[in-house]
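Novice: Next comes start_35.csv, CSV, C-alpha atoms:
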```
chain,number,residue,atom,x,y,z
U,7,MET,CA,-38.1,-2.6,-26.7
U,8,ARG,CA,-41.1,-4.3,-25.6
U,9,GLY,CA,-43.4,-3.5,-28.7
U,10,PHE,CA,-46.9,-2.3,-28.6
U,11,GLY,CA,-49.3,-2.4,-25.7
U,12,ILE,CA,-52.4,-4.6,-25.7
U,13,LYS,CA,-54.7,-1.6,-26.6
U,14,THR,CA,-52.6,-0.6,-29.5
U,15,ARG,CA,-52.5,-4.2,-30.8
U,16,ILE,CA,-56.3,-4.5,-30.6
U,17,VAL,CA,-56.7,-1.2,-32.6
U,18,LEU,CA,-54.2,-2.4,-35.2
U,19,VAL,CA,-55.7,-5.8,-35.6
U,20,GLY,CA,-59.2,-4.2,-35.8
U,21,ALA,CA,-58.0,-1.8,-38.6
U,22,ILE,CA,-56.5,-4.8,-40.5
U,23,VAL,CA,-59.7,-6.7,-40.2
U,24,LEU,CA,-61.7,-3.7,-41.4
U,25,ILE,CA,-59.4,-3.3,-44.4
U,26,LEU,CA,-59.7,-7.0,-45.3
U,27,LEU,CA,-63.5,-6.9,-45.0
U,28,GLY,CA,-63.6,-3.8,-47.2
U,29,TYR,CA,-61.4,-5.5,-49.9
U,30,GLY,CA,-63.6,-8.7,-49.6
U,31,TRP,CA,-66.8,-6.7,-50.0
U,32,TRP,CA,-65.3,-4.8,-53.0
U,33,PHE,CA,-64.3,-8.0,-54.8
U,34,LEU,CA,-67.2,-10.2,-53.9
U,35,ALA,CA,-70.1,-7.8,-53.8
U,36,THR,CA,-72.8,-8.6,-56.4
U,37,GLY,CA,-73.3,-5.1,-57.8
U,38,LYS,CA,-75.4,-4.6,-60.9
U,39,VAL,CA,-73.1,-4.3,-63.8
U,40,ALA,CA,-74.1,-1.6,-66.3
U,41,VAL,CA,-75.0,-3.0,-69.8
U,42,PRO,CA,-73.6,-0.9,-72.6
U,43,ASP,CA,-76.2,0.7,-74.9
U,44,THR,CA,-74.7,-0.6,-78.0
U,45,GLU,CA,-71.6,-2.5,-79.1
U,46,PHE,CA,-70.7,-1.9,-82.7
U,47,GLU,CA,-67.7,-1.7,-85.0
U,48,ILE,CA,-67.1,0.8,-87.7
U,49,THR,CA,-66.1,-0.8,-91.0
U,50,ASN,CA,-63.7,0.6,-93.6
U,51,PHE,CA,-66.6,1.1,-96.0
U,52,SER,CA,-68.9,4.1,-96.3
U,53,ALA,CA,-72.3,4.9,-97.8
U,54,GLU,CA,-72.4,8.1,-99.9
U,55,LEU,CA,-74.9,10.3,-101.5
U,56,THR,CA,-74.4,11.8,-104.9
U,57,PRO,CA,-73.2,15.4,-104.6
U,58,GLY,CA,-75.9,17.8,-105.6
U,59,ARG,CA,-78.6,15.2,-105.2
U,60,GLU,CA,-78.3,14.6,-101.4
U,61,ALA,CA,-81.9,15.8,-100.5
U,62,ALA,CA,-83.6,13.7,-103.2
U,63,GLU,CA,-81.6,10.6,-102.5
U,64,LEU,CA,-82.1,11.0,-98.7
U,65,ALA,CA,-85.8,11.2,-99.2
U,66,LYS,CA,-85.9,7.9,-101.1
U,67,LEU,CA,-84.1,6.0,-98.3
U,68,PRO,CA,-86.1,3.8,-96.0
U,69,MET,CA,-86.8,5.5,-92.7
U,70,PHE,CA,-87.1,3.9,-89.2
U,71,ASP,CA,-90.2,4.9,-87.3
U,72,PRO,CA,-89.3,4.7,-83.5
U,73,ALA,CA,-93.0,5.0,-82.5
U,74,THR,CA,-94.1,1.8,-84.2
U,75,GLY,CA,-90.7,0.1,-84.5
U,76,GLY,CA,-91.3,-0.4,-88.2
U,77,TRP,CA,-89.9,1.0,-91.4
U,78,ILE,CA,-91.3,3.4,-94.0
U,79,ALA,CA,-90.1,2.8,-97.6
U,80,ASP,CA,-91.7,4.4,-100.7
U,81,GLY,CA,-94.4,5.9,-98.6
U,82,ARG,CA,-95.6,2.5,-97.3
U,83,ARG,CA,-95.1,0.9,-93.9
U,84,GLN,CA,-92.9,-2.2,-93.9
U,85,ALA,CA,-93.1,-4.8,-91.2
U,86,SER,CA,-89.5,-5.9,-91.7
U,87,ALA,CA,-86.3,-4.3,-92.9
U,88,ALA,CA,-85.1,-7.6,-94.5
U,89,GLY,CA,-86.5,-6.7,-97.9
U,90,LEU,CA,-84.9,-3.3,-97.8
U,91,VAL,CA,-81.3,-4.5,-97.8
U,92,ARG,CA,-79.9,-4.1,-101.3
U,93,PRO,CA,-78.3,-7.1,-102.9
U,94,GLU,CA,-74.6,-7.1,-103.6
U,95,PRO,CA,-73.9,-5.4,-106.9
U,96,GLY,CA,-71.3,-7.8,-108.1
U,97,PRO,CA,-68.7,-10.4,-107.2
U,98,ARG,CA,-67.1,-10.2,-103.8
U,99,GLY,CA,-63.6,-8.9,-103.5
U,100,PRO,CA,-61.2,-9.2,-100.5
U,101,ASP,CA,-62.3,-5.8,-99.1
U,102,ASP,CA,-66.1,-6.3,-99.6
U,103,ILE,CA,-68.2,-6.2,-96.4
U,104,GLY,CA,-71.3,-7.8,-97.9
U,105,PRO,CA,-74.8,-6.5,-98.0
U,106,TYR,CA,-75.9,-3.7,-95.7
U,107,LEU,CA,-78.9,-1.5,-95.1
U,108,THR,CA,-78.7,2.1,-96.1
U,109,ALA,CA,-81.4,4.0,-94.1
U,110,ARG,CA,-82.3,7.2,-92.3
U,111,LEU,CA,-83.8,8.2,-89.1
U,112,PRO,CA,-86.6,10.8,-88.6
U,113,ASP,CA,-85.6,14.5,-88.3
U,114,GLY,CA,-84.5,15.3,-84.8
U,115,ALA,CA,-83.7,11.7,-84.0
U,116,GLY,CA,-81.0,11.2,-81.4
U,117,LYS,CA,-79.2,8.4,-79.6
U,118,ARG,CA,-82.4,6.8,-78.2
U,119,GLU,CA,-84.0,6.5,-81.7
U,120,MET,CA,-80.8,5.1,-83.2
U,121,GLN,CA,-80.6,2.5,-80.4
U,122,ILE,CA,-84.2,1.5,-81.0
U,123,ALA,CA,-83.5,1.1,-84.7
U,124,MET,CA,-80.4,-0.9,-84.1
U,125,ARG,CA,-82.3,-3.1,-81.7
U,126,ALA,CA,-85.0,-3.8,-84.4
U,127,LEU,CA,-82.2,-4.6,-86.9
U,128,ALA,CA,-80.4,-6.9,-84.5
U,129,ARG,CA,-83.6,-8.9,-83.9
U,130,GLU,CA,-84.0,-9.4,-87.7
U,131,GLY,CA,-80.4,-10.4,-88.1
U,132,ILE,CA,-79.4,-7.3,-90.1
U,133,CYS,CA,-76.1,-6.5,-88.6
U,134,GLN,CA,-74.6,-3.9,-91.0
U,135,VAL,CA,-76.2,-0.5,-91.5
U,136,ALA,CA,-75.4,3.0,-92.6
U,137,PHE,CA,-77.6,5.7,-91.2
U,138,LEU,CA,-77.4,8.7,-93.5
U,139,VAL,CA,-78.3,12.1,-92.1
U,140,PRO,CA,-79.0,15.5,-93.7
U,141,GLY,CA,-75.8,17.4,-94.4
U,142,ALA,CA,-73.5,14.4,-94.5
U,143,GLU,CA,-72.2,13.3,-97.8
U,144,ALA,CA,-70.9,10.0,-96.5
U,145,VAL,CA,-71.3,8.0,-93.4
U,146,PRO,CA,-69.5,4.8,-92.3
U,147,VAL,CA,-71.2,1.4,-92.4
U,148,ILE,CA,-71.4,0.0,-88.9
U,149,ARG,CA,-71.5,-3.6,-87.9
U,150,ILE,CA,-73.8,-4.1,-84.9
U,151,ARG,CA,-72.5,-6.6,-82.4
U,152,ARG,CA,-74.8,-6.2,-79.4
U,153,VAL,CA,-77.6,-3.9,-78.4
U,154,ALA,CA,-79.2,-3.4,-75.0
U,155,ASP,CA,-82.7,-4.9,-75.0
U,156,GLY,CA,-84.1,-2.2,-72.6
U,157,ARG,CA,-84.6,-4.7,-69.7
U,158,GLY,CA,-81.0,-5.1,-68.5
U,159,GLY,CA,-79.9,-7.7,-71.1
U,160,THR,CA,-78.5,-7.6,-74.6
U,161,ILE,CA,-79.4,-8.8,-78.0
U,162,ALA,CA,-76.6,-10.3,-80.0
U,163,CYS,CA,-76.8,-9.6,-83.7
U,164,THR,CA,-76.4,-13.0,-85.2
U,165,ALA,CA,-76.7,-12.9,-88.7
U,166,ALA,CA,-78.5,-14.0,-91.6
U,167,ARG,CA,-76.9,-11.0,-93.3
U,168,ASN,CA,-73.7,-10.4,-91.3
U,169,SER,CA,-70.7,-10.6,-93.5
U,170,ALA,CA,-68.6,-11.6,-90.5
U,171,ALA,CA,-70.4,-14.9,-90.6
U,172,ARG,CA,-69.4,-15.8,-94.1
```
Will you turn the file into structure tokens for me?

Specialist:
Amino acid sequence: MRGFGIKTRIVLVGAIVLILLGYGWWFLATGKVAVPDTEFEITNFSAELTPGREAAELAKLPMFDPATGGWIADGRRQASAAGLVRPEPGPRGPDDIGPYLTARLPDGAGKREMQIAMRALAREGICQVAFLVPGAEAVPVIRIRRVADGRGGTIACTAARNSAAR
């Protein structure tokens, strides 16, 4: 048994080198990492509408306007959503999540509009929100962690109003 010939050895060494170069490129290549649109957490708390009065209560909620990036409350434009967060109704209990914004999006709004709204909230430090929609009696309150800024980065929701910070 003499082993492999010189040509076979060259081919085998070449194949091993190509495999190692492939692994090196795969591990070390600087590929653009995709930024998630939104990172949020669903709390155990939900916002509800009164049965039988859903349409009237939904119409009274502040609405995000994706075209301007502002809020509409009581028929007037609001520059900030900070004044729209309801104060806590009473003393905090162990399961209380703290203050949150109850709002709605315009009719026909989708993922893009919701992300724009969450981006605006994250910039203001409002990290907990419940977006009520027609036909839903209750929706969970979500805690915004990070939102894509639209330029490849993220906006971390750090919180003047985040209950996780208390």

Novice: As a list of chain:residue names, please: the residues near range 71-73 of chain U (cut-off 10 Å, all atoms listed in the file, same-chain neighbours under 5 positions excluded).

Specialist: U:Ile78, U:Arg83, U:Arg110, U:Leu111, U:Pro112, U:Ala115, U:Arg118, U:Glu119, U:Met120, U:Gln121, U:Ile122, U:Ala123, U:Ala126

Novice: So, counting all atoms listed in the file, which residue among U:Cys163, U:Leu138, U:Ile103, U:Ile16 is closest to Thr49 in chain U?

Specialist: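 Closest candidate: U:Ile103.
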
Novice: Using only C-alpha atoms, which protein or nucleic acid residues come within 9 Å of Leu90 in chain U? Drop anything in the same chain fewer than 3 positions from it, and give the result as a PDB file with C-alpha atoms, keeping the file's coordinate frame.

Specialist:
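Output below, filename around_11.pdb:
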```pdb
ATOM      1  CA  PRO U  68     -86.100   3.800 -96.000  1.00  0.00           C
ATOM      2  CA  ALA U  79     -90.100   2.800 -97.600  1.00  0.00           C
ATOM      3  CA  GLN U  84     -92.900  -2.200 -93.900  1.00  0.00           C
ATOM      4  CA  SER U  86     -89.500  -5.900 -91.700  1.00  0.00           C
ATOM      5  CA  ALA U  87     -86.300  -4.300 -92.900  1.00  0.00           C
ATOM      6  CA  LEU U 107     -78.900  -1.500 -95.100  1.00  0.00           C
ATOM      7  CA  THR U 108     -78.700   2.100 -96.100  1.00  0.00           C
ATOM      8  CA  ALA U 109     -81.400   4.000 -94.100  1.00  0.00           C
TER       9      ALA U 109
END
```

Novice: Using all atoms listed in the file, which protein or nucleic acid residues come within 10 Å of Gly131 in chain U? Drop anything in the same chain fewer than 3 positions from it, and give the result as a ChimeraX atom specification.

Specialist: /U:87-88,125-128,134,150,162-168

Novice: Which one of U:Asp113, U:Pro57, U:Gly75, U:Ser52 sits closest to Val145 in chain U if you count all atoms listed in the file?

Specialist: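 The shortest atom-to-atom distance to Val145 in chain U comes from U:Ser52.
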
Novice: Measure the distance from CA of Phe46 in chain U to CA of Arg152 in chain U in Å and round it to one decimal.

Specialist: 6.8 Å

Novice: What is the distance, in Å and to one decimal place, between CA of Gly76 in chain U and CA of Thr44 in chain U?

Specialist: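 If I compute the distance from CA of Gly76 in chain U to CA of Thr44 in chain U, I get 19.5 Å.
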
Novice: Could you check the closest approach to Gly58 in chain U for each of U:Val153, U:Val91, U:Ala142, U:Ala136 and tell me which residue wins, using all atoms listed in the file?

Specialist: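 Looking at the shortest contact to Gly58 in chain U, the residue is U:Ala142.
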
Novice: When you draw a straight line from CA of Asp80 in chain U to CA of Ile132 in chain U, how long is it in Å?

Specialist: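 Straight-line distance from CA of Asp80 in chain U to CA of Ile132 in chain U works out to 20.0 Å.
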
Novice: For Glu45 in chain U, which residue among U:Met124, U:Gly156, U:Gly20, U:Val135 is the nearest when counting all atoms listed in the file?

Specialist: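 Closest to Glu45 in chain U, using all atoms listed in the file: U:Met124.
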
Novice: Pick the closest to Gly141 in chain U from U:Phe33, U:Glu60, U:Leu27, U:Ile22: which is it, counting all atoms listed in the file?

Specialist: U:Glu60
